[in-house]
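In what follows, a single structure is set out as structure tokens and then discussed.
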Amino acid sequence: MTCPIDHEPLILDPLVQDLDAESDALRAAGPLARVVLPGGVACYAVTRHAAARQLLTDARLVKDINVWGAWQRGEIPPDWPLIGLANPGRSMLTVDGADHRRLRTLVAQALTVRRVERLRAGIEKLTTGMLDRLAETPAGETVDLKAEFAYPLPMNVVSELMGVDSADHPRLRHLFEKFFSTQTPPEEVPQMMADLGALFAKIVESKRANPGDDLTSALIAASEDGDHLSTEEITNTLQLMIAAGHETTISLIVNAVVALQAHPEQRKLVLSGEVPWENVIEETLRWSTPTSHVLIRFATEDIEVGDTVLPRGEGLIVSFGAIGRDEEAHGPTAGDFDITRTPNRHISFGHGPHVCPGAALSRLEAGVALPALFGRFPELHLAVPATELRNKPVVTQNDLYALPVKLGG
């Protein structure tokens, strides 16, 4: 027997002041929770591991925003701060079925585990260069490790993969800050979206004129060889890959450093070689997942979730921050950071047809960056109390404004 959800909707904090407490509240509300997104938009959230695996493979849950009752009724304003995440245009993120497979196959061919592994040497060289620059920091001086290391590494890697000129990085950073933030003034949202579209359209046109050995050129070539990729699909796929390809890895690196700082006994285990860095990466992905909430899927009919129902026409977000610490999936110590945990079957890169195609690349980057960072600076530590670290107002990312550290003793 199914029952309606009887709790008051949980209002997601647009400032993300206490993500752990919010995730606990979501989990406590049950596998399916009613929530209110920043901007006053109501939807549902899946908060448990088993329910998420069920829903993420259910063909009745689709990416087509036209299924959303609130969208049909005109209740979602065009200047909603999260409109770019809910309706980012046609790409492999926003289509299902055959269209999704067609777009995803082209990207997946460039991101197989074997092809990603070929990027290792370049990532190692880039990492070494960044660490060399960090080593020039005067003794005792504070460094923003996010700005100087965790951000530029994945941005450079994914830009090279997609064929984006480094000269575009400052503009991209500025626009993505506004794109992801819940605090972007509504009146600025339409122009920000237009500016992002224009920038990526310019990049695509540049690659049409001067193709290279990169994924954007490959997508263009596929369209010319009869795959019928539209310019919109190419442009939006490029934007998706750049956005997802750097944001997740930034948070993964930052969150791993913070977790090891907060758990010195775990840090000793990995620095001594008793536990591999792979365990640190997987436990960070579970315990402090880089993506806190993924927007948004829509129910084409009523879908039973345990003893409740996701109603037809409603939107659903996937609350990975809550799911990662689900005791039903990870045992009574799910709330503890434990790099000796086995097995660790998290779904922080998603599950089902839309699982993140860049997961192997993100793992590779973190697998190079973290041991190299601590190998060069084994006494690295936070320059401020952990309580002073502040999350950015980004409802989809577990992301800090800055990570101030001291590199030595």
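Labels used: A, B, ... for chains in the order of the structure tokens, numbers from 1 for residues in each chain, and numbers from 1 for ligands as shown.
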Find the residues around range 24-35 of chain A up to 10 Å (only C-alpha atoms counted), leave out those fewer than 4 positions away in its own chain, and share them as a count of residues only.
41
For Ala402 in chain A, list every protein, DNA or RNA residue within 12 Å, evaluated using only C-alpha atoms, and leave out those in the same chain fewer than 2 positions away; present the list as a tab-separated table (two decimals) with N, CA and C atoms, in the first residue's frame.
```
chain	number	residue	atom	x	y	z
A	142	THR	N	50.45	31.62	3.63
A	142	THR	CA	49.23	30.88	3.33
A	142	THR	C	48.98	30.84	1.83
A	143	VAL	N	48.53	29.69	1.34
A	143	VAL	CA	48.22	29.48	-0.07
A	143	VAL	C	46.76	29.02	-0.18
A	144	ASP	N	46.04	29.56	-1.16
A	144	ASP	CA	44.70	29.04	-1.47
A	144	ASP	C	44.88	27.85	-2.39
A	145	LEU	N	44.84	26.66	-1.82
A	145	LEU	CA	45.12	25.45	-2.59
A	145	LEU	C	44.08	25.21	-3.67
A	146	LYS	N	42.87	25.67	-3.45
A	146	LYS	CA	41.85	25.52	-4.48
A	146	LYS	C	42.21	26.35	-5.71
A	147	ALA	N	42.51	27.62	-5.50
A	147	ALA	CA	42.79	28.53	-6.62
A	147	ALA	C	44.09	28.18	-7.32
A	148	GLU	N	45.09	27.72	-6.56
A	148	GLU	CA	46.43	27.51	-7.13
A	148	GLU	C	46.68	26.09	-7.62
A	149	PHE	N	45.78	25.15	-7.25
A	149	PHE	CA	46.05	23.75	-7.62
A	149	PHE	C	44.78	22.99	-8.01
A	150	ALA	N	43.81	22.95	-7.12
A	150	ALA	CA	42.63	22.11	-7.36
A	150	ALA	C	41.78	22.62	-8.51
A	151	TYR	N	41.77	23.94	-8.74
A	151	TYR	CA	41.00	24.49	-9.87
A	151	TYR	C	41.75	24.37	-11.19
A	250	ILE	N	37.53	19.37	-9.00
A	250	ILE	CA	37.93	20.39	-8.02
A	250	ILE	C	37.45	19.98	-6.63
A	251	SER	N	36.15	19.68	-6.52
A	251	SER	CA	35.57	19.34	-5.22
A	251	SER	C	36.16	18.05	-4.67
A	254	VAL	N	39.68	18.95	-3.26
A	254	VAL	CA	39.52	19.80	-2.07
A	254	VAL	C	38.96	19.00	-0.91
A	255	ASN	N	37.90	18.23	-1.16
A	255	ASN	CA	37.25	17.50	-0.07
A	255	ASN	C	38.14	16.41	0.50
A	258	VAL	N	40.58	18.16	2.89
A	258	VAL	CA	39.90	18.54	4.13
A	258	VAL	C	39.62	17.31	4.99
A	382	LEU	N	45.74	22.81	7.13
A	382	LEU	CA	44.87	23.97	7.00
A	382	LEU	C	45.47	25.17	7.71
A	383	ALA	N	45.30	26.34	7.10
A	383	ALA	CA	45.80	27.57	7.70
A	383	ALA	C	44.77	28.23	8.59
A	384	VAL	N	43.54	27.71	8.59
A	384	VAL	CA	42.46	28.23	9.43
A	384	VAL	C	41.74	27.04	10.04
A	386	ALA	N	38.91	24.37	10.61
A	386	ALA	CA	37.98	23.82	9.63
A	386	ALA	C	36.61	24.48	9.70
A	388	GLU	N	35.98	27.47	9.85
A	388	GLU	CA	35.97	28.73	9.09
A	388	GLU	C	35.88	28.51	7.58
A	389	LEU	N	35.98	27.28	7.13
A	389	LEU	CA	35.82	27.00	5.70
A	389	LEU	C	34.35	27.19	5.33
A	390	ARG	N	34.10	27.90	4.24
A	390	ARG	CA	32.71	28.22	3.87
A	390	ARG	C	32.37	27.64	2.50
A	391	ASN	N	31.18	27.02	2.47
A	391	ASN	CA	30.68	26.51	1.20
A	391	ASN	C	30.19	27.65	0.32
A	392	LYS	N	30.41	27.50	-0.98
A	392	LYS	CA	29.86	28.45	-1.93
A	392	LYS	C	28.36	28.23	-2.03
A	399	ASP	N	31.14	22.54	-2.55
A	399	ASP	CA	32.24	23.35	-3.07
A	399	ASP	C	32.58	24.49	-2.11
A	400	LEU	N	33.87	24.66	-1.83
A	400	LEU	CA	34.32	25.73	-0.93
A	400	LEU	C	34.71	26.98	-1.71
A	404	PRO	N	42.45	27.61	2.28
A	404	PRO	CA	43.74	28.17	2.73
A	404	PRO	C	44.55	27.13	3.49
A	405	VAL	N	45.78	26.94	3.03
A	405	VAL	CA	46.66	25.97	3.67
A	405	VAL	C	48.06	26.56	3.84
```
So which bits of range 224-310 of chain A end up alpha helix (DSSP H) when you DSSP the backbone, as a ChimeraX atom specification?
/A:231-262,264-271,277-287
For range 57-70 of chain A, find every residue with an atom within 8 Å (counting only C-alpha atoms), except residues of its own chain fewer than 2 positions away, and show them as a short mmCIF file (atom, residue, chain, number, x, y, z; two decimals) with N, CA and C atoms, in the first residue's frame.
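See around_35.cif below for the written result:
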```
data_model
loop_
_atom_site.label_atom_id
_atom_site.label_comp_id
_atom_site.auth_asym_id
_atom_site.auth_seq_id
_atom_site.Cartn_x
_atom_site.Cartn_y
_atom_site.Cartn_z
N ARG A 53 19.10 3.96 -6.98
CA ARG A 53 19.42 2.96 -8.01
C ARG A 53 18.16 2.54 -8.76
N GLN A 54 17.06 2.41 -8.04
CA GLN A 54 15.80 2.06 -8.69
C GLN A 54 15.36 3.14 -9.67
N LEU A 55 15.34 4.38 -9.20
CA LEU A 55 14.80 5.46 -10.02
C LEU A 55 15.71 5.81 -11.19
N GLN A 72 4.88 23.21 -17.54
CA GLN A 72 3.72 23.32 -18.42
C GLN A 72 2.78 24.44 -17.96
N ARG A 73 2.65 24.60 -16.65
CA ARG A 73 1.73 25.60 -16.10
C ARG A 73 2.35 27.00 -16.04
N GLY A 74 3.58 27.14 -16.49
CA GLY A 74 4.23 28.45 -16.49
C GLY A 74 4.67 28.91 -15.12
N GLU A 75 4.90 27.96 -14.21
CA GLU A 75 5.28 28.32 -12.83
C GLU A 75 6.78 28.49 -12.65
N ILE A 76 7.57 28.14 -13.67
CA ILE A 76 9.03 28.26 -13.57
C ILE A 76 9.46 29.50 -14.35
N ALA A 86 18.39 23.17 -14.97
CA ALA A 86 17.17 22.41 -15.22
C ALA A 86 16.86 22.29 -16.71
N ASN A 87 17.25 23.30 -17.48
CA ASN A 87 16.94 23.31 -18.91
C ASN A 87 18.12 23.87 -19.70
N LEU A 93 22.85 15.24 -21.76
CA LEU A 93 22.31 15.38 -20.40
C LEU A 93 20.80 15.50 -20.40
N THR A 94 20.20 15.96 -21.49
CA THR A 94 18.79 16.33 -21.47
C THR A 94 17.92 15.48 -22.37
N VAL A 95 18.47 14.42 -22.95
CA VAL A 95 17.67 13.54 -23.80
C VAL A 95 17.78 12.11 -23.29
N ASP A 96 16.87 11.27 -23.72
CA ASP A 96 16.82 9.89 -23.28
C ASP A 96 16.77 8.96 -24.48
N ILE A 296 17.69 17.54 -13.10
CA ILE A 296 16.40 17.27 -12.54
C ILE A 296 15.75 16.33 -13.53
N ARG A 297 15.02 15.36 -13.05
CA ARG A 297 14.30 14.41 -13.89
C ARG A 297 12.81 14.55 -13.63
N PHE A 298 11.98 13.98 -14.54
CA PHE A 298 10.55 14.20 -14.47
C PHE A 298 9.79 12.89 -14.69
N ALA A 299 8.76 12.70 -13.89
CA ALA A 299 8.00 11.45 -13.91
C ALA A 299 6.90 11.49 -14.97
N THR A 300 6.94 10.55 -15.92
CA THR A 300 5.92 10.49 -16.96
C THR A 300 4.64 9.81 -16.46
N GLU A 301 4.74 9.12 -15.32
CA GLU A 301 3.57 8.54 -14.66
C GLU A 301 3.90 8.34 -13.19
N ILE A 303 5.19 6.79 -9.96
CA ILE A 303 6.22 5.79 -9.75
C ILE A 303 6.29 5.47 -8.26
N GLY A 313 4.33 13.92 -13.52
CA GLY A 313 4.51 15.34 -13.80
C GLY A 313 5.36 16.08 -12.80
N GLU A 314 5.83 15.38 -11.75
CA GLU A 314 6.67 16.05 -10.75
C GLU A 314 8.16 15.92 -11.12
N GLY A 315 8.94 16.87 -10.62
CA GLY A 315 10.39 16.84 -10.83
C GLY A 315 11.08 16.14 -9.68
N HIS A 351 24.23 6.58 -11.72
CA HIS A 351 23.88 5.18 -11.94
C HIS A 351 22.94 5.13 -13.13
N GLY A 352 23.00 4.04 -13.88
CA GLY A 352 22.09 3.89 -15.00
C GLY A 352 22.59 4.57 -16.27
N PRO A 353 21.70 4.81 -17.22
CA PRO A 353 22.11 5.33 -18.53
C PRO A 353 22.86 6.65 -18.48
#
```
Counting only C-alpha atoms, closest pick from A:Phe320, A:Trp287, A:Trp80, A:Phe349 relative to Pro185 in chain A is A:Trp80
For range 238-241 of chain A, find every residue with an atom within 8 Å (counting only C-alpha atoms), except residues of its own chain fewer than 2 positions away, and show them as a PyMOL selection string.
chain A and resi 91+93+158+162+200+216+234-236+243-245
To one decimal place, how far is CA of Gly39 in chain A from CA of Gln17 in chain A in Å?
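These atoms are spaced 16.6 Å apart.
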